[in-house]
Amino acid sequence: MARTAPHAAAILAVLLAACGGTAPKPTPHPAGGADAAPVAPGVGTFVTPGASRWAETEPLPPTALEQHLRRALHRAVAPPPSLDCLAREYAAAFAATQEDPDPGAVDQLAAHCGYWTRPAVAQAVTGADVVALERYVGTLPAALRERPVAVGAARGADGRVTAAFLAGPAELTLAPVPRKGAGRVEGRLLRGDGIVELWIDDAEGPRELKLARGPTGDFQGSVPASAGPARVELVRRHGRFRHTLALLRVGAPGPASYTLRPAPEGAVQPGVVAAGLTEQINAARAAAGLPALTLETRLAGALHDWMRRLPDRKTPQAPPGMLDDRGWPYARLRFAFTTGVDAEQAADLLLQTPTGHWVVTGPEAGQLAIGVRPYPRGGGFDAVVVSLVRFAGVPAAEARPRIVERLNALRAKAGHAPLTGDAGLDARAQALADAALAGQTKWPEVVPTLMQQVRDGKLVRGSFAAGALTAVALDSAPLAGEDNALAPEMSVVGIGVAGGPLPGGGAPRYLIVYLVAQALPAPATN
């Protein structure tokens, strides 16, 4: 009796979702039991009609063998019908090759069935007859037997029968979502914490959509109609980490077939995988007109070790030692997780998720760090890809005119006169920016202090205002939201800029302090 040697589950059960689990081989028994399952067609051909909507609620009628195995499982709670569909497709794929479908193939099977993520746990087994399969049910791991289990079955060309037992993450319920046109994503979280977000990746690129969240875990959001294919992703965010809850391909029909990808021969070499992933990611960036990222191999050892330890933790914690060559924290780190049998597939699966695409196509990123964990059994690996923004640090004398130029561009767009710099106001703002970076003045006190200095010293005439903001990169500082600096009556500005690690070892940032006023004091007369 053949059984699967599944892909690694522990990491992706925490962060994404994958296949996993093992069980001992049961002893085959003579033929008999229930009617045979459908004959498995050629590799790449689906055995079910699939679903016209994501999270389809119309159940897939079970075959006699599947019904028999459901009773053997004592299945009291049914999983989503789309997962039963995926289980049958999984069984047919395994029957054809006697190997687990690779992660890319599982995605294609799920897309056909309208299931919105990879199964959290999957087991497939081939035996001489249904009696052997029934005995196998009793050996299934608790992770399968203690939750709603989808059951699918197929008969191979050699007459043997294959069954697949799949369990989903069981984190949410999802209302049906159209595959084409505008629609709504509605559902409810069943367990866990963290912030739920809705993302899309279409011709405009990856971005977050508005999502209304209720106090009891319910959520709803609108998906715009897209001229071409788009991917919509529900994620749960914990700090820097985003975990895919659902990935819906909309604006295009489901796949017409699937492809099984064989794992390369030999052991997975993390360094080779990391280099291959970097090459694939840079190819995607080049196609988008973005500069290439360099692979920071200095961080590889710590990330490989973190990936090995991650399955033992219920929630991920940021890996230690993520410092640049100066010993500074990186200004920004964005984490994405992927899996595959080779670097090309892992990069493809990474870029298929809006958040994964967003992580590696950030224009401000300059480096990548990659950690790899080979599957404990079989070919393939899990990987974490971290995009790094190294804080460059621009002197205040160089930063100040760049900020004034951007402010004046925004003012011109609004039809306002430009601001003129003043060395005296610059000095006041600069002293407070330096004091905040050194921890001598608390950040919330910077603006009130500057305003009081202006009043006490009668440094300006007419109305005046001050503001303070932080930025990872100077040219991406959110100046458009600074209404004080864009007020039409203002004509003069003073700016202070200090950059480096924040007090207490925080990630480095630019601290930008500014003062705007209607006019400077009139010159003194004798």
# chains A, B, ... in the order shown; residues from 1 in each chain; ligands from 1
call {"tool": "residues_around", "arguments": {"residues": "region 325-335 of chain A", "least_positions_apart": "5", "cutoff": "6 Å", "atoms": "only C-alpha atoms", "output": "list in words"}}
result
Phe241, Val359, Val385, Val386, Ser387, Leu388, Val389, Arg390, Phe391, Val472, Ala507 and Pro508 of chain A
call {"tool": "select_by_dssp", "arguments": {"residues": "region 262-455 of chain A", "states": "strand (DSSP E or B)", "output": "count of residues only"}}
result
32
call {"tool": "residues_around", "arguments": {"residues": "Ala397 (chain A)", "least_positions_apart": "3", "cutoff": "12 Å", "atoms": "only C-alpha atoms", "output": "PyMOL selection string"}}
result
chain A and resi 393-394+400-404+423+426-427+430+495-498
call {"tool": "write_last_selection", "arguments": {"atoms": "all heavy atoms", "output": "short mmCIF file (atom, residue, chain, number, x, y, z; two decimals), in the first residue's frame"}}
result
data_model
loop_
_atom_site.label_atom_id
_atom_site.label_comp_id
_atom_site.auth_asym_id
_atom_site.auth_seq_id
_atom_site.Cartn_x
_atom_site.Cartn_y
_atom_site.Cartn_z
N GLY A 393 20.87 58.06 5.10
CA GLY A 393 21.31 59.23 5.84
C GLY A 393 21.79 60.34 4.92
O GLY A 393 22.85 60.22 4.31
N VAL A 394 21.00 61.38 4.81
CA VAL A 394 21.36 62.54 3.99
C VAL A 394 21.58 63.72 4.92
O VAL A 394 20.75 64.00 5.79
CB VAL A 394 20.23 62.86 2.97
CG1 VAL A 394 20.55 64.13 2.19
CG2 VAL A 394 20.04 61.68 2.03
N ARG A 400 17.32 69.57 3.26
CA ARG A 400 16.41 70.71 3.40
C ARG A 400 15.89 71.22 2.05
O ARG A 400 14.67 71.36 1.86
CB ARG A 400 17.11 71.81 4.19
CG ARG A 400 16.20 72.92 4.65
CD ARG A 400 16.97 73.90 5.53
NE ARG A 400 17.34 73.28 6.80
CZ ARG A 400 18.59 73.06 7.19
NH1 ARG A 400 19.60 73.42 6.42
NH2 ARG A 400 18.85 72.50 8.36
N PRO A 401 16.76 71.51 1.07
CA PRO A 401 16.23 71.99 -0.21
C PRO A 401 15.37 70.97 -0.95
O PRO A 401 14.46 71.34 -1.69
CB PRO A 401 17.48 72.36 -1.01
CG PRO A 401 18.61 71.67 -0.32
CD PRO A 401 18.23 71.56 1.11
N ARG A 402 15.64 69.68 -0.76
CA ARG A 402 14.81 68.66 -1.40
C ARG A 402 13.40 68.69 -0.84
O ARG A 402 12.42 68.52 -1.58
CB ARG A 402 15.46 67.29 -1.22
CG ARG A 402 16.68 67.10 -2.09
CD ARG A 402 17.54 65.92 -1.69
NE ARG A 402 16.84 64.64 -1.72
CZ ARG A 402 17.46 63.47 -1.50
NH1 ARG A 402 18.78 63.45 -1.26
NH2 ARG A 402 16.78 62.35 -1.53
N ILE A 403 13.28 68.90 0.47
CA ILE A 403 11.96 68.97 1.08
C ILE A 403 11.22 70.23 0.63
O ILE A 403 10.03 70.19 0.30
CB ILE A 403 12.08 68.92 2.61
CG1 ILE A 403 12.62 67.54 3.04
CG2 ILE A 403 10.72 69.17 3.27
CD1 ILE A 403 12.97 67.45 4.50
N VAL A 404 11.92 71.36 0.59
CA VAL A 404 11.30 72.61 0.14
C VAL A 404 10.82 72.45 -1.30
O VAL A 404 9.72 72.90 -1.67
CB VAL A 404 12.28 73.79 0.27
CG1 VAL A 404 11.68 75.05 -0.36
CG2 VAL A 404 12.62 74.04 1.73
N ALA A 423 17.25 81.07 7.08
CA ALA A 423 18.31 80.43 7.85
C ALA A 423 18.02 80.45 9.35
O ALA A 423 18.32 79.49 10.07
CB ALA A 423 19.65 81.09 7.56
N ASP A 426 15.43 77.88 10.04
CA ASP A 426 16.06 76.57 9.85
C ASP A 426 16.82 76.15 11.12
O ASP A 426 16.75 75.00 11.56
CB ASP A 426 17.06 76.61 8.68
CG ASP A 426 16.38 76.66 7.33
OD1 ASP A 426 15.18 76.34 7.24
OD2 ASP A 426 17.07 77.02 6.35
N ALA A 427 17.56 77.10 11.69
CA ALA A 427 18.37 76.78 12.87
C ALA A 427 17.50 76.37 14.04
O ALA A 427 17.85 75.44 14.79
CB ALA A 427 19.24 77.98 13.24
N GLN A 430 16.16 72.90 13.24
CA GLN A 430 17.22 71.91 13.26
C GLN A 430 17.63 71.55 14.68
O GLN A 430 17.89 70.38 14.99
CB GLN A 430 18.43 72.44 12.49
CG GLN A 430 19.53 71.40 12.30
CD GLN A 430 19.07 70.22 11.46
OE1 GLN A 430 18.48 70.41 10.40
NE2 GLN A 430 19.31 69.00 11.93
N ILE A 495 13.23 74.56 8.18
CA ILE A 495 13.18 73.09 8.22
C ILE A 495 14.40 72.54 8.95
O ILE A 495 15.54 72.99 8.72
CB ILE A 495 13.12 72.50 6.80
CG1 ILE A 495 11.81 72.92 6.11
CG2 ILE A 495 13.21 70.97 6.84
CD1 ILE A 495 11.71 72.48 4.66
N GLY A 496 14.17 71.55 9.80
CA GLY A 496 15.24 70.80 10.44
C GLY A 496 15.11 69.34 10.09
O GLY A 496 14.00 68.79 10.10
N VAL A 497 16.21 68.67 9.78
CA VAL A 497 16.20 67.25 9.41
C VAL A 497 17.33 66.55 10.15
O VAL A 497 18.50 66.95 10.05
CB VAL A 497 16.39 67.06 7.89
CG1 VAL A 497 16.29 65.57 7.55
CG2 VAL A 497 15.37 67.85 7.11
N ALA A 498 16.97 65.50 10.89
CA ALA A 498 17.97 64.66 11.56
C ALA A 498 17.66 63.21 11.23
O ALA A 498 16.49 62.80 11.24
CB ALA A 498 17.94 64.89 13.06
#
call {"tool": "closest_residue", "arguments": {"among": "A:Ile512, A:Val149, A:Ala105, A:Ala170", "to": "Arg71 (chain A)", "atoms": "only C-alpha atoms"}}
result
A:Val149
call {"tool": "residues_around", "arguments": {"residues": "Thr297 (chain A)", "least_positions_apart": "4", "cutoff": "9 Å", "atoms": "only C-alpha atoms", "output": "MDAnalysis selection string"}}
result
chainID A and resid 271 274 301 368:370
call {"tool": "write_last_selection", "arguments": {"atoms": "all heavy atoms", "output": "compact mmCIF listing (two decimals), in the first residue's frame"}}
result
# COMPACT_ATOMS: atom_id res chain seq x y z
N GLY A 271 21.58 27.90 -0.26
CA GLY A 271 22.27 28.97 -0.97
C GLY A 271 21.88 29.04 -2.43
O GLY A 271 21.72 30.13 -3.00
N ALA A 274 18.33 30.46 -2.62
CA ALA A 274 18.31 31.91 -2.39
C ALA A 274 18.79 32.66 -3.62
O ALA A 274 18.20 33.67 -4.02
CB ALA A 274 19.17 32.26 -1.17
N GLY A 301 22.47 32.88 7.34
CA GLY A 301 22.55 31.87 8.40
C GLY A 301 21.49 32.06 9.47
O GLY A 301 20.84 31.09 9.89
N LEU A 368 17.80 42.09 -0.49
CA LEU A 368 16.98 40.95 -0.09
C LEU A 368 17.76 40.10 0.89
O LEU A 368 18.98 40.00 0.80
CB LEU A 368 16.63 40.07 -1.29
CG LEU A 368 15.56 40.52 -2.28
CD1 LEU A 368 15.46 39.50 -3.40
CD2 LEU A 368 14.21 40.68 -1.58
N ALA A 369 17.06 39.49 1.82
CA ALA A 369 17.62 38.42 2.64
C ALA A 369 16.65 37.25 2.55
O ALA A 369 15.43 37.45 2.54
CB ALA A 369 17.79 38.87 4.09
N ILE A 370 17.16 36.04 2.46
CA ILE A 370 16.32 34.87 2.22
C ILE A 370 16.72 33.75 3.16
O ILE A 370 17.90 33.44 3.31
CB ILE A 370 16.43 34.40 0.76
CG1 ILE A 370 15.87 35.49 -0.18
CG2 ILE A 370 15.69 33.09 0.53
CD1 ILE A 370 16.05 35.20 -1.65
call {"tool": "closest_residue", "arguments": {"among": "A:Ala78, A:Ala522, A:Leu303, A:Ala124", "to": "Ala318 (chain A)", "atoms": "only C-alpha atoms"}}
result
A:Leu303
call {"tool": "closest_residue", "arguments": {"among": "A:Glu171, A:Asp100, A:Glu66, A:Glu233", "to": "Val341 (chain A)", "atoms": "only C-alpha atoms"}}
result
A:Asp100
call {"tool": "residues_around", "arguments": {"residues": "Val384 (chain A)", "least_positions_apart": "5", "cutoff": "7 Å", "atoms": "only C-alpha atoms", "output": "number ranges by chain"}}
result
A: 335-338, 370-372
call {"tool": "residues_around", "arguments": {"residues": "Thr162 (chain A)", "least_positions_apart": "6", "cutoff": "8 Å", "atoms": "only C-alpha atoms", "output": "number ranges by chain"}}
result
A: 91-92, 94-95, 124-127, 133, 153-156
call {"tool": "write_last_selection", "arguments": {"atoms": "all heavy atoms", "output": "compact mmCIF listing (two decimals), in the first residue's frame"}}
result
# COMPACT_ATOMS: atom_id res chain seq x y z
N ALA A 91 -6.67 13.47 -4.97
CA ALA A 91 -6.60 12.01 -5.07
C ALA A 91 -6.29 11.58 -6.50
O ALA A 91 -5.47 10.68 -6.73
CB ALA A 91 -7.90 11.39 -4.60
N ALA A 92 -6.92 12.23 -7.48
CA ALA A 92 -6.68 11.86 -8.88
C ALA A 92 -5.24 12.17 -9.28
O ALA A 92 -4.61 11.38 -9.99
CB ALA A 92 -7.66 12.61 -9.77
N PHE A 94 -2.65 12.26 -7.29
CA PHE A 94 -1.77 11.29 -6.61
C PHE A 94 -1.88 9.92 -7.28
O PHE A 94 -0.88 9.21 -7.42
CB PHE A 94 -2.14 11.21 -5.14
CG PHE A 94 -1.18 10.40 -4.31
CD1 PHE A 94 -0.07 10.98 -3.75
CD2 PHE A 94 -1.38 9.03 -4.12
CE1 PHE A 94 0.84 10.23 -3.01
CE2 PHE A 94 -0.49 8.27 -3.38
CZ PHE A 94 0.62 8.87 -2.81
N ALA A 95 -3.09 9.54 -7.69
CA ALA A 95 -3.28 8.24 -8.34
C ALA A 95 -2.47 8.14 -9.63
O ALA A 95 -2.00 7.07 -10.00
CB ALA A 95 -4.76 8.01 -8.63
N ALA A 124 -2.58 11.48 1.35
CA ALA A 124 -3.09 10.68 0.25
C ALA A 124 -2.52 9.28 0.36
O ALA A 124 -1.38 9.10 0.81
CB ALA A 124 -2.70 11.32 -1.09
N VAL A 125 -3.31 8.29 -0.03
CA VAL A 125 -2.89 6.90 0.11
C VAL A 125 -3.48 6.09 -1.03
O VAL A 125 -4.60 6.34 -1.48
CB VAL A 125 -3.33 6.33 1.48
CG1 VAL A 125 -4.83 6.35 1.62
CG2 VAL A 125 -2.77 4.94 1.70
N THR A 126 -2.73 5.13 -1.53
CA THR A 126 -3.19 4.22 -2.58
C THR A 126 -3.14 2.80 -2.04
O THR A 126 -2.13 2.38 -1.46
CB THR A 126 -2.32 4.34 -3.83
OG1 THR A 126 -2.52 5.63 -4.40
CG2 THR A 126 -2.70 3.28 -4.87
N GLY A 127 -4.23 2.07 -2.20
CA GLY A 127 -4.31 0.70 -1.73
C GLY A 127 -4.96 -0.19 -2.76
O GLY A 127 -5.48 0.27 -3.79
N LEU A 133 -8.22 0.98 2.37
CA LEU A 133 -8.38 2.40 2.65
C LEU A 133 -9.11 2.62 3.97
O LEU A 133 -8.79 3.53 4.74
CB LEU A 133 -9.13 3.08 1.52
CG LEU A 133 -8.44 3.09 0.14
CD1 LEU A 133 -9.28 3.89 -0.85
CD2 LEU A 133 -7.04 3.66 0.23
N ALA A 153 -11.64 10.54 -3.69
CA ALA A 153 -11.13 9.24 -4.09
C ALA A 153 -11.10 9.12 -5.61
O ALA A 153 -11.88 9.76 -6.32
CB ALA A 153 -11.97 8.11 -3.49
N ALA A 154 -10.20 8.29 -6.11
CA ALA A 154 -10.07 8.03 -7.54
C ALA A 154 -9.44 6.66 -7.73
O ALA A 154 -8.71 6.17 -6.85
CB ALA A 154 -9.24 9.10 -8.22
N ARG A 155 -9.72 6.04 -8.89
CA ARG A 155 -9.12 4.75 -9.20
C ARG A 155 -8.07 4.95 -10.29
O ARG A 155 -8.32 5.62 -11.29
CB ARG A 155 -10.17 3.75 -9.68
CG ARG A 155 -9.61 2.34 -9.90
CD ARG A 155 -10.68 1.39 -10.38
NE ARG A 155 -11.68 1.15 -9.37
CZ ARG A 155 -11.56 0.29 -8.34
NH1 ARG A 155 -10.43 -0.37 -8.18
NH2 ARG A 155 -12.53 0.12 -7.48
N GLY A 156 -6.91 4.41 -10.06
CA GLY A 156 -5.83 4.53 -11.03
C GLY A 156 -5.97 3.57 -12.18
O GLY A 156 -6.83 2.67 -12.19
call {"tool": "closest_residue", "arguments": {"among": "A:Ala246, A:Leu425, A:Leu73, A:Ala110", "to": "Ala51 (chain A)", "atoms": "only C-alpha atoms"}}
result
A:Ala110
call {"tool": "select_by_dssp", "arguments": {"residues": "region 262-318 of chain A", "states": "alpha helix (DSSP H)", "output": "compact mmCIF listing (two decimals) with all heavy atoms, in the first residue's frame"}}
result
# COMPACT_ATOMS: atom_id res chain seq x y z
N PRO A 270 20.15 25.47 0.33
CA PRO A 270 19.58 26.79 0.61
C PRO A 270 20.26 27.92 -0.15
O PRO A 270 19.59 28.84 -0.62
CB PRO A 270 19.76 26.92 2.12
CG PRO A 270 19.69 25.52 2.62
CD PRO A 270 20.40 24.70 1.57
N GLY A 271 21.58 27.90 -0.26
CA GLY A 271 22.27 28.97 -0.97
C GLY A 271 21.88 29.04 -2.43
O GLY A 271 21.72 30.13 -3.00
N VAL A 272 21.73 27.88 -3.06
CA VAL A 272 21.33 27.83 -4.47
C VAL A 272 19.90 28.34 -4.62
O VAL A 272 19.58 29.08 -5.55
CB VAL A 272 21.48 26.40 -5.02
CG1 VAL A 272 20.92 26.31 -6.44
CG2 VAL A 272 22.94 25.97 -4.99
N VAL A 273 19.03 27.93 -3.68
CA VAL A 273 17.64 28.39 -3.72
C VAL A 273 17.58 29.91 -3.58
O VAL A 273 16.86 30.60 -4.32
CB VAL A 273 16.82 27.72 -2.60
CG1 VAL A 273 15.46 28.40 -2.43
CG2 VAL A 273 16.64 26.23 -2.89
N ALA A 274 18.33 30.46 -2.62
CA ALA A 274 18.31 31.91 -2.39
C ALA A 274 18.79 32.66 -3.62
O ALA A 274 18.20 33.67 -4.02
CB ALA A 274 19.17 32.26 -1.17
N ALA A 275 19.84 32.17 -4.26
CA ALA A 275 20.34 32.83 -5.47
C ALA A 275 19.31 32.75 -6.59
O ALA A 275 19.10 33.73 -7.32
CB ALA A 275 21.67 32.19 -5.90
N GLY A 276 18.67 31.60 -6.72
CA GLY A 276 17.65 31.45 -7.76
C GLY A 276 16.44 32.33 -7.51
O GLY A 276 15.89 32.92 -8.45
N LEU A 277 16.00 32.43 -6.26
CA LEU A 277 14.88 33.31 -5.93
C LEU A 277 15.22 34.77 -6.23
O LEU A 277 14.39 35.51 -6.78
CB LEU A 277 14.52 33.16 -4.45
CG LEU A 277 13.49 32.10 -4.08
CD1 LEU A 277 13.45 31.91 -2.56
CD2 LEU A 277 12.12 32.48 -4.59
N THR A 278 16.42 35.17 -5.89
CA THR A 278 16.84 36.55 -6.17
C THR A 278 16.81 36.82 -7.66
O THR A 278 16.35 37.88 -8.12
CB THR A 278 18.24 36.80 -5.61
OG1 THR A 278 18.25 36.52 -4.21
CG2 THR A 278 18.67 38.24 -5.83
N GLU A 279 17.29 35.88 -8.45
CA GLU A 279 17.29 36.05 -9.91
C GLU A 279 15.87 36.20 -10.44
O GLU A 279 15.58 37.07 -11.27
CB GLU A 279 17.99 34.86 -10.56
CG GLU A 279 18.06 34.93 -12.07
CD GLU A 279 18.75 33.73 -12.69
OE1 GLU A 279 19.26 32.88 -11.93
OE2 GLU A 279 18.78 33.63 -13.93
N GLN A 280 14.95 35.36 -9.96
CA GLN A 280 13.56 35.42 -10.42
C GLN A 280 12.89 36.72 -9.99
O GLN A 280 12.14 37.34 -10.76
CB GLN A 280 12.78 34.21 -9.88
CG GLN A 280 13.26 32.87 -10.39
CD GLN A 280 12.98 32.68 -11.87
OE1 GLN A 280 11.97 33.15 -12.39
NE2 GLN A 280 13.89 32.01 -12.56
N ILE A 281 13.14 37.14 -8.76
CA ILE A 281 12.54 38.38 -8.26
C ILE A 281 13.07 39.58 -9.05
O ILE A 281 12.31 40.48 -9.42
CB ILE A 281 12.83 38.53 -6.75
CG1 ILE A 281 12.00 37.50 -5.96
CG2 ILE A 281 12.53 39.94 -6.26
CD1 ILE A 281 12.40 37.36 -4.51
N ASN A 282 14.35 39.58 -9.33
CA ASN A 282 14.92 40.69 -10.09
C ASN A 282 14.41 40.72 -11.53
O ASN A 282 14.29 41.80 -12.14
CB ASN A 282 16.44 40.64 -10.05
CG ASN A 282 17.00 41.20 -8.75
OD1 ASN A 282 16.36 42.02 -8.09
ND2 ASN A 282 18.18 40.75 -8.36
N ALA A 283 14.10 39.55 -12.08
CA ALA A 283 13.49 39.53 -13.41
C ALA A 283 12.12 40.19 -13.38
O ALA A 283 11.76 40.95 -14.30
CB ALA A 283 13.38 38.09 -13.91
N ALA A 284 11.35 39.93 -12.32
CA ALA A 284 10.04 40.57 -12.18
C ALA A 284 10.19 42.07 -11.98
O ALA A 284 9.40 42.87 -12.51
CB ALA A 284 9.28 39.94 -11.01
N ARG A 285 11.19 42.48 -11.22
CA ARG A 285 11.42 43.92 -11.01
C ARG A 285 11.85 44.59 -12.31
O ARG A 285 11.43 45.71 -12.61
CB ARG A 285 12.47 44.13 -9.91
CG ARG A 285 11.96 43.81 -8.52
CD ARG A 285 13.06 43.99 -7.47
NE ARG A 285 13.54 45.36 -7.40
CZ ARG A 285 13.02 46.31 -6.61
NH1 ARG A 285 11.98 46.03 -5.83
NH2 ARG A 285 13.53 47.53 -6.59
N ALA A 286 12.70 43.93 -13.08
CA ALA A 286 13.14 44.52 -14.35
C ALA A 286 11.95 44.72 -15.28
O ALA A 286 11.86 45.74 -15.98
CB ALA A 286 14.19 43.62 -15.00
N ALA A 287 11.03 43.75 -15.29
CA ALA A 287 9.84 43.87 -16.15
C ALA A 287 8.98 45.05 -15.71
O ALA A 287 8.25 45.61 -16.53
CB ALA A 287 9.04 42.57 -16.11
N ALA A 300 21.93 35.30 5.88
CA ALA A 300 21.35 34.01 5.49
C ALA A 300 21.35 33.00 6.64
O ALA A 300 20.34 32.32 6.88
CB ALA A 300 22.09 33.45 4.28
N GLY A 301 22.47 32.88 7.34
CA GLY A 301 22.55 31.87 8.40
C GLY A 301 21.49 32.06 9.47
O GLY A 301 20.84 31.09 9.89
N ALA A 302 21.30 33.30 9.90
CA ALA A 302 20.31 33.57 10.94
C ALA A 302 18.90 33.26 10.44
O ALA A 302 18.07 32.72 11.19
CB ALA A 302 20.40 35.03 11.39
N LEU A 303 18.61 33.55 9.17
CA LEU A 303 17.27 33.30 8.64
C LEU A 303 17.03 31.81 8.40
O LEU A 303 15.93 31.30 8.62
CB LEU A 303 17.06 34.08 7.35
CG LEU A 303 16.77 35.58 7.54
CD1 LEU A 303 16.71 36.28 6.19
CD2 LEU A 303 15.46 35.80 8.30
N HIS A 304 18.05 31.08 7.92
CA HIS A 304 17.89 29.63 7.77
C HIS A 304 17.57 29.00 9.13
O HIS A 304 16.68 28.15 9.24
CB HIS A 304 19.18 29.00 7.22
CG HIS A 304 19.53 29.42 5.83
ND1 HIS A 304 18.60 29.85 4.91
CD2 HIS A 304 20.74 29.46 5.19
CE1 HIS A 304 19.22 30.14 3.77
NE2 HIS A 304 20.51 29.92 3.93
N ASP A 305 18.31 29.41 10.16
CA ASP A 305 18.08 28.86 11.50
C ASP A 305 16.70 29.23 12.02
O ASP A 305 16.01 28.41 12.63
CB ASP A 305 19.16 29.38 12.46
CG ASP A 305 19.03 28.80 13.85
OD1 ASP A 305 19.19 27.58 14.01
OD2 ASP A 305 18.73 29.57 14.79
N TRP A 306 16.27 30.47 11.79
CA TRP A 306 14.95 30.91 12.21
C TRP A 306 13.86 30.08 11.54
O TRP A 306 12.88 29.69 12.17
CB TRP A 306 14.80 32.39 11.89
CG TRP A 306 13.50 33.01 12.29
CD1 TRP A 306 13.07 33.27 13.56
CD2 TRP A 306 12.46 33.46 11.44
NE1 TRP A 306 11.83 33.86 13.54
CE2 TRP A 306 11.44 33.99 12.24
CE3 TRP A 306 12.30 33.49 10.05
CZ2 TRP A 306 10.26 34.53 11.71
CZ3 TRP A 306 11.14 34.02 9.52
CH2 TRP A 306 10.14 34.54 10.35
N MET A 307 14.02 29.79 10.25
CA MET A 307 13.04 28.98 9.55
C MET A 307 12.98 27.56 10.11
O MET A 307 11.89 26.98 10.21
CB MET A 307 13.37 28.93 8.06
CG MET A 307 13.09 30.22 7.32
SD MET A 307 11.32 30.60 7.20
CE MET A 307 10.81 29.42 5.96
N ARG A 308 14.12 27.01 10.49
CA ARG A 308 14.12 25.67 11.08
C ARG A 308 13.38 25.65 12.42
O ARG A 308 12.73 24.66 12.77
CB ARG A 308 15.56 25.18 11.27
CG ARG A 308 16.24 24.75 9.98
CD ARG A 308 17.52 23.99 10.26
NE ARG A 308 18.52 24.82 10.93
CZ ARG A 308 19.43 25.54 10.30
NH1 ARG A 308 19.48 25.54 8.98
NH2 ARG A 308 20.32 26.25 10.98
N ARG A 309 13.49 26.73 13.18
CA ARG A 309 12.87 26.78 14.50
C ARG A 309 11.40 27.22 14.46
O ARG A 309 10.67 26.97 15.41
CB ARG A 309 13.65 27.76 15.39
CG ARG A 309 15.08 27.36 15.66
CD ARG A 309 15.83 28.46 16.40
NE ARG A 309 17.23 28.14 16.60
CZ ARG A 309 17.70 27.48 17.65
NH1 ARG A 309 16.88 27.09 18.60
NH2 ARG A 309 18.99 27.22 17.76
call {"tool": "decode", "arguments": {"residues": "region 400-411 of chain A", "atoms": "N, CA and C atoms", "output": "short mmCIF file (atom, residue, chain, number, x, y, z; two decimals), in the first residue's frame"}}
result
data_model
loop_
_atom_site.label_atom_id
_atom_site.label_comp_id
_atom_site.auth_asym_id
_atom_site.auth_seq_id
_atom_site.Cartn_x
_atom_site.Cartn_y
_atom_site.Cartn_z
N ARG A 400 17.32 69.57 3.26
CA ARG A 400 16.41 70.71 3.40
C ARG A 400 15.89 71.22 2.05
N PRO A 401 16.76 71.51 1.07
CA PRO A 401 16.23 71.99 -0.21
C PRO A 401 15.37 70.97 -0.95
N ARG A 402 15.64 69.68 -0.76
CA ARG A 402 14.81 68.66 -1.40
C ARG A 402 13.40 68.69 -0.84
N ILE A 403 13.28 68.90 0.47
CA ILE A 403 11.96 68.97 1.08
C ILE A 403 11.22 70.23 0.63
N VAL A 404 11.92 71.36 0.59
CA VAL A 404 11.30 72.61 0.14
C VAL A 404 10.82 72.45 -1.30
N GLU A 405 11.62 71.82 -2.13
CA GLU A 405 11.24 71.62 -3.53
C GLU A 405 9.96 70.80 -3.63
N ARG A 406 9.84 69.74 -2.84
CA ARG A 406 8.63 68.91 -2.88
C ARG A 406 7.43 69.67 -2.35
N LEU A 407 7.62 70.44 -1.27
CA LEU A 407 6.51 71.25 -0.74
C LEU A 407 6.02 72.26 -1.77
N ASN A 408 6.94 72.91 -2.45
CA ASN A 408 6.56 73.92 -3.43
C ASN A 408 5.88 73.30 -4.64
N ALA A 409 6.27 72.07 -4.98
CA ALA A 409 5.57 71.38 -6.08
C ALA A 409 4.11 71.11 -5.69
N LEU A 410 3.90 70.71 -4.44
CA LEU A 410 2.53 70.47 -3.96
C LEU A 410 1.75 71.78 -3.90
N ARG A 411 2.39 72.84 -3.47
CA ARG A 411 1.72 74.14 -3.40
C ARG A 411 1.37 74.65 -4.81
#
